[in-house]
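Peer 1: Just so it is clear, I am handing over run_2.cif, which has mmCIF, C-alpha atoms.
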data_target
loop_
_atom_site.label_atom_id
_atom_site.label_comp_id
_atom_site.auth_asym_id
_atom_site.auth_seq_id
_atom_site.Cartn_x
_atom_site.Cartn_y
_atom_site.Cartn_z
CA MET L 1 71.40 -44.31 87.56
CA SER L 2 71.04 -47.59 85.73
CA VAL L 3 69.76 -50.71 87.42
CA GLY L 4 72.15 -53.67 87.28
CA LYS L 5 72.10 -57.18 88.66
CA GLU L 6 71.78 -55.99 92.25
CA MET L 7 70.77 -52.85 94.07
CA LYS L 8 72.09 -52.00 97.51
CA ILE L 9 69.57 -50.45 99.85
CA HIS L 10 71.87 -49.82 102.82
CA PRO L 11 74.40 -46.98 103.15
CA SER L 12 77.82 -47.90 101.72
CA LYS L 13 79.09 -49.44 104.96
CA GLY L 14 75.71 -50.74 106.07
CA ILE L 15 73.68 -49.45 108.99
CA VAL L 16 76.12 -49.62 111.87
CA ILE L 17 74.93 -49.82 115.46
CA ARG L 18 77.54 -49.57 118.18
CA TYR L 19 76.68 -50.31 121.76
CA LYS L 20 78.55 -50.81 124.99
CA GLY L 21 76.76 -52.11 128.03
CA ILE L 22 74.32 -54.81 129.03
CA ILE L 23 73.10 -56.86 126.06
CA ASP L 24 70.70 -59.76 126.18
CA ILE L 25 72.41 -61.50 123.25
CA ASP L 26 70.23 -64.60 123.44
CA SER L 27 67.00 -62.66 123.11
CA LEU L 28 68.43 -60.31 120.45
CA TYR L 29 69.57 -63.31 118.42
CA LYS L 30 66.18 -65.02 118.79
CA ASP L 31 64.25 -61.85 117.94
CA VAL L 32 66.21 -61.26 114.72
CA LYS L 33 65.77 -64.90 113.71
CA SER L 34 62.03 -64.73 114.43
CA TRP L 35 61.75 -61.50 112.47
CA PHE L 36 63.19 -63.24 109.41
CA LYS L 37 60.81 -66.15 109.86
CA LYS L 38 57.81 -63.87 110.37
CA ASN L 39 58.66 -62.00 107.18
CA ASP L 40 59.01 -65.18 105.09
CA TYR L 41 62.76 -65.11 104.67
CA ASP L 42 64.88 -68.24 104.25
CA TYR L 43 67.39 -67.90 107.02
CA PHE L 44 70.93 -69.22 107.29
CA GLU L 45 74.12 -68.33 109.10
CA LYS L 46 77.28 -67.52 107.24
CA GLU L 47 79.32 -67.64 110.40
CA ASN L 48 78.88 -68.40 114.07
CA THR L 49 82.08 -67.97 116.03
CA GLU L 50 82.67 -67.89 119.75
CA LYS L 51 86.11 -67.49 121.29
CA ASN L 52 86.52 -68.30 124.92
CA LYS L 53 88.85 -65.69 126.42
CA PRO L 54 89.78 -64.76 130.00
CA GLN L 55 88.62 -61.15 129.53
CA GLY L 56 85.24 -62.41 128.26
CA ASN L 57 84.12 -64.27 125.15
CA THR L 58 84.23 -62.80 121.66
CA LEU L 59 81.27 -63.46 119.38
CA ILE L 60 80.88 -63.14 115.64
CA ILE L 61 77.54 -64.10 114.13
CA LYS L 62 76.75 -63.40 110.48
CA MET L 63 73.06 -63.89 109.80
CA ARG L 64 71.78 -64.03 106.24
CA ALA L 65 68.27 -64.23 104.87
CA GLU L 66 66.73 -64.33 101.42
CA ARG L 67 63.19 -63.93 100.20
CA LYS L 68 62.04 -64.60 96.68
CA VAL L 69 59.52 -61.81 96.18
CA ASP L 70 58.58 -63.17 92.75
CA ASP L 71 60.32 -65.06 89.95
CA TYR L 72 62.51 -62.07 89.16
CA VAL L 73 63.35 -60.21 92.37
CA ARG L 74 64.91 -61.50 95.55
CA PHE L 75 65.48 -59.54 98.76
CA ASP L 76 68.70 -60.32 100.67
CA ILE L 77 69.17 -59.02 104.20
CA GLY L 78 72.22 -59.56 106.38
CA VAL L 79 72.76 -58.81 110.04
CA ASP L 80 76.32 -59.10 111.30
CA PHE L 81 77.03 -59.22 114.98
CA ASP L 82 80.35 -58.08 113.70
CA GLU L 83 82.28 -58.49 116.86
CA ILE L 84 80.83 -58.53 120.30
CA LEU L 85 83.81 -58.21 122.61
CA ARG L 86 84.34 -58.95 126.28
CA VAL L 87 81.06 -60.81 126.64
CA LYS L 88 80.54 -61.69 130.28
CA LYS L 89 77.48 -63.10 131.95
CA VAL L 90 75.88 -60.62 134.34
CA ASN L 91 72.50 -60.55 136.09
CA LYS L 92 70.42 -59.37 133.13
CA GLY L 93 72.07 -61.02 130.15
CA TYR L 94 75.63 -60.17 129.21
CA SER L 95 77.88 -57.16 129.23
CA GLY L 96 79.96 -56.38 126.18
CA ASP L 97 80.92 -54.05 123.34
CA ALA L 98 78.89 -54.68 120.23
CA ARG L 99 79.04 -53.59 116.64
CA ILE L 100 76.04 -54.66 114.62
CA ILE L 101 75.79 -54.06 110.88
CA ILE L 102 72.60 -54.34 108.81
CA ARG L 103 72.74 -54.68 105.03
CA ALA L 104 69.97 -55.12 102.50
CA GLU L 105 69.94 -55.52 98.77
CA MET L 106 67.74 -56.54 95.88
CA ILE L 107 68.90 -59.17 93.42
CA PHE L 108 67.37 -59.14 89.95
CA ASP L 109 66.98 -62.20 87.76
CA TYR L 110 68.24 -64.52 90.49
CA TYR L 111 67.52 -67.55 88.29
CA ASN L 112 69.94 -66.07 85.71
CA ASN L 113 67.44 -66.51 82.89
CA TRP L 114 68.74 -63.33 81.19
CA LYS L 115 72.41 -64.18 81.63
CA THR L 116 72.94 -64.98 77.96
CA ILE L 117 71.13 -61.85 76.72
CA PRO L 118 72.54 -58.96 78.84
CA PHE L 119 71.22 -56.32 76.46
CA LEU L 120 67.60 -57.42 76.99
CA PHE L 121 68.27 -57.68 80.72
CA TYR L 122 69.41 -54.05 80.69
CA ILE L 123 66.35 -52.94 78.71
CA TYR L 124 64.00 -54.87 80.98
CA ASN L 125 65.50 -53.43 84.18
CA ASN L 126 65.92 -49.87 82.98
CA LEU L 127 62.87 -49.35 80.84
CA ILE L 128 60.20 -51.91 81.48
CA ILE L 129 60.22 -52.44 85.23
CA LYS L 130 62.29 -49.47 86.43
CA LYS L 131 59.23 -47.68 87.78
CA LYS L 132 58.09 -50.78 89.62
CA ILE L 133 61.55 -51.21 91.12
CA TYR L 134 61.51 -47.69 92.59
CA THR L 135 57.86 -47.49 93.59
CA PHE L 136 57.17 -51.05 94.68
CA TYR L 137 60.26 -53.16 95.48
CA PHE L 138 62.52 -50.43 96.84
CA PRO L 139 60.08 -49.03 99.47
CA LYS L 140 59.21 -52.56 100.50
CA ILE L 141 62.75 -53.71 101.25
CA TYR L 142 63.73 -50.31 102.65
CA ASN L 143 60.86 -50.46 105.15
CA GLU L 144 61.78 -54.00 106.10
CA MET L 145 65.41 -53.01 106.66
CA MET L 146 64.35 -50.09 108.86
CA ASP L 147 61.88 -52.28 110.72
CA LEU L 148 64.70 -54.68 111.54
CA ASN L 149 66.90 -51.76 112.54
CA SER L 150 64.16 -50.60 114.97
CA LEU L 151 63.82 -54.08 116.40
CA ILE L 152 67.54 -54.33 117.14
CA LYS L 153 67.65 -50.85 118.64
CA LYS L 154 64.61 -51.63 120.75
CA ASP L 155 66.27 -54.79 122.06
CA LEU L 156 69.38 -52.82 122.94
CA GLY L 157 67.28 -50.11 124.60
CA LEU L 158 68.46 -47.41 122.19
CA ILE L 159 66.56 -44.32 121.07
CA ARG L 160 64.44 -44.98 117.96
CA MET O 1 74.06 -78.40 86.75
CA LYS O 2 74.86 -77.34 90.30
CA ILE O 3 72.51 -75.47 92.63
CA GLU O 4 74.22 -74.14 95.74
CA ILE O 5 72.24 -73.94 98.95
CA LEU O 6 74.72 -73.33 101.77
CA LYS O 7 78.08 -71.88 100.83
CA LEU O 8 80.91 -72.69 103.25
CA GLN O 9 78.96 -71.66 106.32
CA LYS O 10 81.27 -71.35 109.25
CA ILE O 11 81.04 -72.43 112.86
CA LYS O 12 84.01 -71.58 115.00
CA TRP O 13 84.56 -72.35 118.64
CA GLU O 14 87.68 -71.42 120.54
CA GLY O 15 87.72 -73.25 123.82
CA ILE O 16 87.14 -76.73 125.23
CA THR O 17 84.99 -79.46 123.73
CA ASP O 18 84.84 -83.22 123.41
CA PHE O 19 86.09 -83.43 119.84
CA PRO O 20 85.95 -87.22 119.31
CA GLU O 21 82.35 -87.08 120.51
CA LEU O 22 81.53 -84.20 118.13
CA TYR O 23 83.14 -86.08 115.25
CA LYS O 24 81.19 -89.24 116.07
CA TYR O 25 77.84 -87.48 116.52
CA MET O 26 78.15 -85.50 113.30
CA LYS O 27 78.95 -88.68 111.41
CA LEU O 28 76.00 -90.47 113.01
CA HIS O 29 73.72 -87.57 112.14
CA LEU O 30 74.65 -87.80 108.45
CA GLU O 31 74.24 -91.57 108.56
CA ASP O 32 70.84 -91.22 110.23
CA ILE O 33 69.51 -88.93 107.53
CA GLY O 34 70.80 -91.32 104.87
CA TYR O 35 73.62 -89.23 103.46
CA ALA O 36 76.57 -91.35 104.43
CA ASP O 37 77.84 -94.71 105.51
CA GLU O 38 81.07 -95.70 107.20
CA ARG O 39 82.98 -96.23 103.97
CA ASN O 40 82.05 -93.39 101.67
CA LEU O 41 82.09 -90.26 103.83
CA GLU O 42 85.63 -89.20 104.62
CA THR O 43 87.65 -87.88 101.72
CA ARG O 44 90.57 -86.44 103.70
CA TYR O 45 92.04 -86.83 107.17
CA ILE O 46 95.30 -85.06 107.93
CA GLU O 47 96.78 -84.87 111.39
CA ARG O 48 99.90 -82.79 111.89
CA ALA O 49 101.93 -82.82 115.08
CA LYS O 50 102.79 -79.35 116.33
CA PRO O 51 105.13 -78.15 119.10
CA GLU O 52 104.15 -78.65 122.76
CA GLY O 53 102.15 -81.79 121.96
CA LYS O 54 99.50 -79.86 120.04
CA LYS O 55 97.83 -81.15 116.90
CA GLN O 56 96.38 -79.69 113.74
CA LEU O 57 93.60 -81.59 112.03
CA GLU O 58 92.19 -81.13 108.55
CA ILE O 59 89.24 -83.35 107.76
CA SER O 60 86.88 -83.33 104.79
CA TRP O 61 83.63 -85.21 104.36
CA HIS O 62 81.53 -85.53 101.26
CA ALA O 63 78.06 -86.85 102.00
CA VAL O 64 75.67 -87.68 99.17
CA LYS O 65 72.14 -88.87 98.71
CA LYS O 66 70.61 -89.77 95.38
CA LYS O 67 67.20 -88.13 95.13
CA SER O 68 66.08 -89.25 91.70
CA ASP O 69 67.48 -90.38 88.37
CA PHE O 70 68.32 -86.76 87.68
CA PHE O 71 69.44 -85.19 90.96
CA VAL O 72 71.80 -85.84 93.87
CA PHE O 73 71.97 -84.04 97.22
CA ASN O 74 75.46 -83.20 98.52
CA ILE O 75 76.57 -81.99 101.95
CA ASP O 76 80.27 -81.16 102.37
CA THR O 77 81.85 -80.71 105.77
CA ASN O 78 85.35 -79.37 106.34
CA PHE O 79 87.04 -79.36 109.72
CA LEU O 80 90.07 -77.28 110.56
CA ILE O 81 91.27 -77.77 114.12
CA LEU O 82 94.19 -75.67 115.24
CA GLY O 83 96.34 -76.08 118.36
CA MET O 84 94.35 -78.99 119.74
CA SER O 85 95.57 -80.49 122.99
CA ASP O 86 94.05 -82.81 125.57
CA THR O 87 92.84 -81.39 128.83
CA GLU O 88 90.98 -82.81 131.80
CA LEU O 89 87.74 -81.33 133.05
CA GLN O 90 85.80 -82.11 136.21
CA GLU O 91 82.13 -82.63 135.31
CA GLU O 92 79.72 -83.51 138.13
CA GLY O 93 82.56 -85.06 140.10
CA ILE O 94 83.78 -87.12 137.14
CA LYS O 95 87.05 -86.43 135.37
CA ARG O 96 86.56 -86.14 131.61
CA LYS O 97 89.16 -85.96 128.90
CA MET O 98 88.36 -83.10 126.57
CA GLN O 99 90.15 -81.16 123.86
CA LYS O 100 91.19 -77.56 123.87
CA GLY O 101 91.83 -75.59 120.69
CA VAL O 102 90.28 -73.66 117.84
CA PHE O 103 87.58 -75.74 116.18
CA GLU O 104 86.31 -74.60 112.81
CA VAL O 105 83.66 -76.43 110.82
CA ARG O 106 82.44 -75.32 107.40
CA VAL O 107 79.32 -76.73 105.83
CA SER O 108 78.28 -76.49 102.18
CA SER O 109 75.30 -78.07 100.52
CA TYR O 110 74.30 -78.26 96.90
CA ILE O 111 72.28 -80.19 94.38
CA THR O 112 74.02 -81.70 91.37
CA SER O 113 72.53 -83.26 88.27
CA THR O 114 73.36 -86.78 87.18
CA ASP O 115 74.80 -87.83 83.82
CA LYS O 116 71.30 -88.84 82.80
CA TRP O 117 70.13 -85.21 83.13
CA ASP O 118 73.21 -83.82 81.40
CA GLU O 119 72.73 -86.20 78.47
CA LEU O 120 69.21 -84.91 77.76
CA LYS O 121 69.14 -82.89 74.57
CA GLY O 122 67.18 -80.02 73.00
CA LEU O 123 63.42 -80.26 73.26
CA GLN O 124 63.54 -83.13 75.72
CA LYS O 125 65.65 -81.05 78.12
CA MET O 126 63.34 -78.05 77.69
CA TYR O 127 60.32 -80.23 78.41
CA GLU O 128 61.97 -81.76 81.48
CA ARG O 129 63.01 -78.31 82.70
CA MET O 130 59.42 -77.06 82.52
CA ILE O 131 58.05 -80.14 84.22
CA MET O 132 60.84 -80.24 86.79
CA LYS O 133 60.85 -76.55 87.80
CA LYS O 134 58.42 -77.07 90.66
CA ARG O 135 60.13 -80.31 91.64
CA ILE O 136 63.52 -78.55 91.72
CA ASP O 137 62.07 -75.89 94.05
CA GLU O 138 60.85 -78.67 96.34
CA LEU O 139 64.29 -80.30 96.27
CA ILE O 140 65.96 -76.97 97.12
CA LYS O 141 63.62 -76.58 100.09
CA GLU O 142 64.28 -80.14 101.26
CA LEU O 143 68.07 -79.81 101.13
CA TYR O 144 67.90 -76.37 102.73
CA GLU O 145 65.99 -77.87 105.66
CA LYS O 146 68.30 -80.89 106.00
CA SER O 147 71.51 -78.90 105.82
CA THR O 148 70.41 -76.08 108.14
CA ALA O 149 69.26 -78.72 110.65
CA TYR O 150 72.71 -80.32 110.43
CA PHE O 151 74.32 -76.88 110.92
CA SER O 152 72.11 -76.26 113.97
CA TYR O 153 72.99 -79.69 115.33
CA ILE O 154 76.72 -78.82 115.30
CA LYS O 155 76.10 -75.44 116.92
CA THR O 156 74.00 -77.01 119.65
CA PHE O 157 76.71 -79.58 120.37
CA LEU O 158 79.30 -76.83 120.79
CA GLY O 159 76.95 -74.83 122.99
CA LEU O 160 76.61 -71.98 120.50
CA ARG O 161 73.45 -69.96 120.04
CA ASP O 162 70.84 -71.51 117.81
#
As structure tokens - that is how I would like this structure written.
Peer 2:
Amino acid sequence: MSVGKEMKIHPSKGIVIRYKGIIDIDSLYKDVKSWFKKNDYDYFEKENTEKNKPQGNTLIIKMRAERKVDDYVRFDIGVDFDEILRVKKVNKGYSGDARIIIRAEMIFDYYNNWKTIPFLFYIYNNLIIKKKIYTFYFPKIYNEMMDLNSLIKKDLGLIR
Amino acid sequence: MKIEILKLQKIKWEGITDFPELYKYMKLHLEDIGYADERNLETRYIERAKPEGKKQLEISWHAVKKKSDFFVFNIDTNFLILGMSDTELQEEGIKRKMQKGVFEVRVSSYITSTDKWDELKGLQKMYERMIMKKRIDELIKELYEKSTAYFSYIKTFLGLRD
């Protein structure tokens, strides 16, 4: 398989975690944000939506983070609190139905220095640094994605 | 040259808030950090009357700050307020007029080059690029910090998680 501009690390639909029950959203949100900070990612939010509804609030939070590993490779990780439904305050946090999706990918040549010479870009990715991509970058981002997955599952009290 | 930092990041709140206060505080925040003044911020303000006394607002701001002879910081803010109506809320025994509706704010930030940079040619541009690379990284970091702080400020005002 040839290496292009980006390489997805997650399964096609992302790592999906579904949970129904008590969720401490505030601490989960803080923990994910801190994880990004601890791992040197630049963090930003694509979306932060809260809808006030009689049956309980609906939340959508799309967290994004990028880390420039070197001048050529960037790691992008996204965590979507895709839709947390019927969020109601209870004793220990909130109750609700959550669907959380984790995605990770590698972006090559994020400065677009090779944009004008795609043939050389192809050669560089598929011959010169291919081994490094699979033995160095890939395990690194994969482990980080799974580490984040564990953190979220731990916060939700799920089996890891 | 345009370097995008935040791309249409969305904050959406469906419920009650003090919208005039939010509008004022956001404007003050941009003024405080030197990106805007009273006259050159708002590029669009559309208010449409809807049935049952509700309103729809579409507001755009373009805030700029010149960083050097070559680069300018830009922060764009777009409001889309749907079904906004006035409502009264009792807060600590005091009646307060607030607004109910769907409040959506989108924030983008980017660095643009000035004509001076674009007019540089050949070797001079290559030389400047080499010299400026580190400086550009610093500028990216600075605008990233300013614009994410502004984004957080809006979230905090609306009582969203930050």
Peer 1: I'd like to know which of L:Pro139, L:Gly21, L:Gly4, L:Gly56 is closest to chain O, using only C-alpha atoms.
Peer 2: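 Of L:Pro139, L:Gly21, L:Gly4, L:Gly56, the one nearest chain O, counting only C-alpha atoms, is L:Gly56.
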Peer 1: Might you spell out which residues the PyMOL selection byres ((chain L and resi 33-35) around 12) would select in the displayed file, as a PyMOL selection string?
Peer 2: (chain L and resi 26-32+36-45+61-65+77-79+144-145+147-152) or (chain O and resi 161-162)
Peer 1: Of the candidates O:Ser108, O:Gln124, O:Gln56, O:Thr114, which shows the shortest atom-to-atom distance to chain L, using all atoms listed in the file?
Peer 2: O:Ser108
Peer 1: Smallest atom-to-atom distance to chain O: which of L:Met106, L:Tyr111, L:His10, L:Val87, using all atoms listed in the file?
Peer 2: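 Checking each candidate against chain O, we get L:Tyr111 as the closest.
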Peer 1: Per residue of chain L within 7 Å of chain O, note the shortest atom pair and the distance in Å to one decimal, counting all atoms listed in the file, and order the rows by chain and increasing residue number, as a Markdown table.
Peer 2:
| residue | atom | partner | partner_atom | distance |
| --- | --- | --- | --- | --- |
| L:Phe44 | CA | O:Thr148 | CA | 6.9 |
| L:Glu45 | CA | O:Gln9 | CA | 6.5 |
| L:Lys46 | CA | O:Gln9 | CA | 4.6 |
| L:Glu47 | CA | O:Lys10 | CA | 4.3 |
| L:Asn48 | CA | O:Ile11 | CA | 4.7 |
| L:Thr49 | CA | O:Lys12 | CA | 4.2 |
| L:Glu50 | CA | O:Trp13 | CA | 5.0 |
| L:Lys51 | CA | O:Glu14 | CA | 4.3 |
| L:Asn52 | CA | O:Gly15 | CA | 5.2 |
Peer 1: Hey, can you check how far CA of Thr87 (chain O) sits from CA of Glu42 (chain O)?
Peer 2: 26.4 Å
Peer 1: Generate the coordinates of N, CA, C and O atoms for region 3-15 of chain O; report them as a PDB file, in the coordinates of the input.
Peer 2:
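Written out: part28.pdb:
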ATOM      1  N   ILE O   3      73.270 -76.522  91.941  1.00  0.00           N
ATOM      2  CA  ILE O   3      72.510 -75.470  92.630  1.00  0.00           C
ATOM      3  C   ILE O   3      73.038 -75.396  94.067  1.00  0.00           C
ATOM      4  O   ILE O   3      72.893 -76.357  94.834  1.00  0.00           O
ATOM      5  N   GLU O   4      73.644 -74.265  94.391  1.00  0.00           N
ATOM      6  CA  GLU O   4      74.220 -74.140  95.740  1.00  0.00           C
ATOM      7  C   GLU O   4      73.160 -73.706  96.741  1.00  0.00           C
ATOM      8  O   GLU O   4      72.375 -72.813  96.459  1.00  0.00           O
ATOM      9  N   ILE O   5      73.192 -74.318  97.888  1.00  0.00           N
ATOM     10  CA  ILE O   5      72.240 -73.940  98.950  1.00  0.00           C
ATOM     11  C   ILE O   5      73.019 -73.243 100.067  1.00  0.00           C
ATOM     12  O   ILE O   5      72.839 -72.059 100.289  1.00  0.00           O
ATOM     13  N   LEU O   6      73.863 -73.963 100.757  1.00  0.00           N
ATOM     14  CA  LEU O   6      74.720 -73.330 101.770  1.00  0.00           C
ATOM     15  C   LEU O   6      76.130 -73.233 101.192  1.00  0.00           C
ATOM     16  O   LEU O   6      76.620 -74.187 100.600  1.00  0.00           O
ATOM     17  N   LYS O   7      76.744 -72.062 101.400  1.00  0.00           N
ATOM     18  CA  LYS O   7      78.080 -71.880 100.830  1.00  0.00           C
ATOM     19  C   LYS O   7      79.112 -71.693 101.937  1.00  0.00           C
ATOM     20  O   LYS O   7      79.193 -70.627 102.520  1.00  0.00           O
ATOM     21  N   LEU O   8      79.816 -72.731 102.252  1.00  0.00           N
ATOM     22  CA  LEU O   8      80.910 -72.690 103.250  1.00  0.00           C
ATOM     23  C   LEU O   8      80.511 -71.956 104.533  1.00  0.00           C
ATOM     24  O   LEU O   8      81.227 -71.063 104.992  1.00  0.00           O
ATOM     25  N   GLN O   9      79.391 -72.311 105.088  1.00  0.00           N
ATOM     26  CA  GLN O   9      78.960 -71.660 106.320  1.00  0.00           C
ATOM     27  C   GLN O   9      79.864 -72.088 107.468  1.00  0.00           C
ATOM     28  O   GLN O   9      80.191 -73.260 107.600  1.00  0.00           O
ATOM     29  N   LYS O  10      80.218 -71.094 108.263  1.00  0.00           N
ATOM     30  CA  LYS O  10      81.270 -71.350 109.250  1.00  0.00           C
ATOM     31  C   LYS O  10      80.770 -71.387 110.687  1.00  0.00           C
ATOM     32  O   LYS O  10      80.009 -70.514 111.106  1.00  0.00           O
ATOM     33  N   ILE O  11      81.253 -72.377 111.411  1.00  0.00           N
ATOM     34  CA  ILE O  11      81.040 -72.430 112.860  1.00  0.00           C
ATOM     35  C   ILE O  11      82.430 -72.468 113.472  1.00  0.00           C
ATOM     36  O   ILE O  11      83.260 -73.280 113.057  1.00  0.00           O
ATOM     37  N   LYS O  12      82.676 -71.588 114.412  1.00  0.00           N
ATOM     38  CA  LYS O  12      84.010 -71.580 115.000  1.00  0.00           C
ATOM     39  C   LYS O  12      83.899 -71.488 116.515  1.00  0.00           C
ATOM     40  O   LYS O  12      83.154 -70.648 117.029  1.00  0.00           O
ATOM     41  N   TRP O  13      84.581 -72.351 117.184  1.00  0.00           N
ATOM     42  CA  TRP O  13      84.560 -72.350 118.640  1.00  0.00           C
ATOM     43  C   TRP O  13      85.985 -72.400 119.150  1.00  0.00           C
ATOM     44  O   TRP O  13      86.751 -73.301 118.780  1.00  0.00           O
ATOM     45  N   GLU O  14      86.338 -71.429 119.964  1.00  0.00           N
ATOM     46  CA  GLU O  14      87.680 -71.420 120.540  1.00  0.00           C
ATOM     47  C   GLU O  14      87.499 -71.714 122.017  1.00  0.00           C
ATOM     48  O   GLU O  14      86.957 -70.887 122.744  1.00  0.00           O
ATOM     49  N   GLY O  15      87.908 -72.874 122.431  1.00  0.00           N
ATOM     50  CA  GLY O  15      87.720 -73.250 123.820  1.00  0.00           C
ATOM     51  C   GLY O  15      87.859 -74.750 124.001  1.00  0.00           C
ATOM     52  O   GLY O  15      88.651 -75.397 123.304  1.00  0.00           O
TER      53      GLY O  15
END
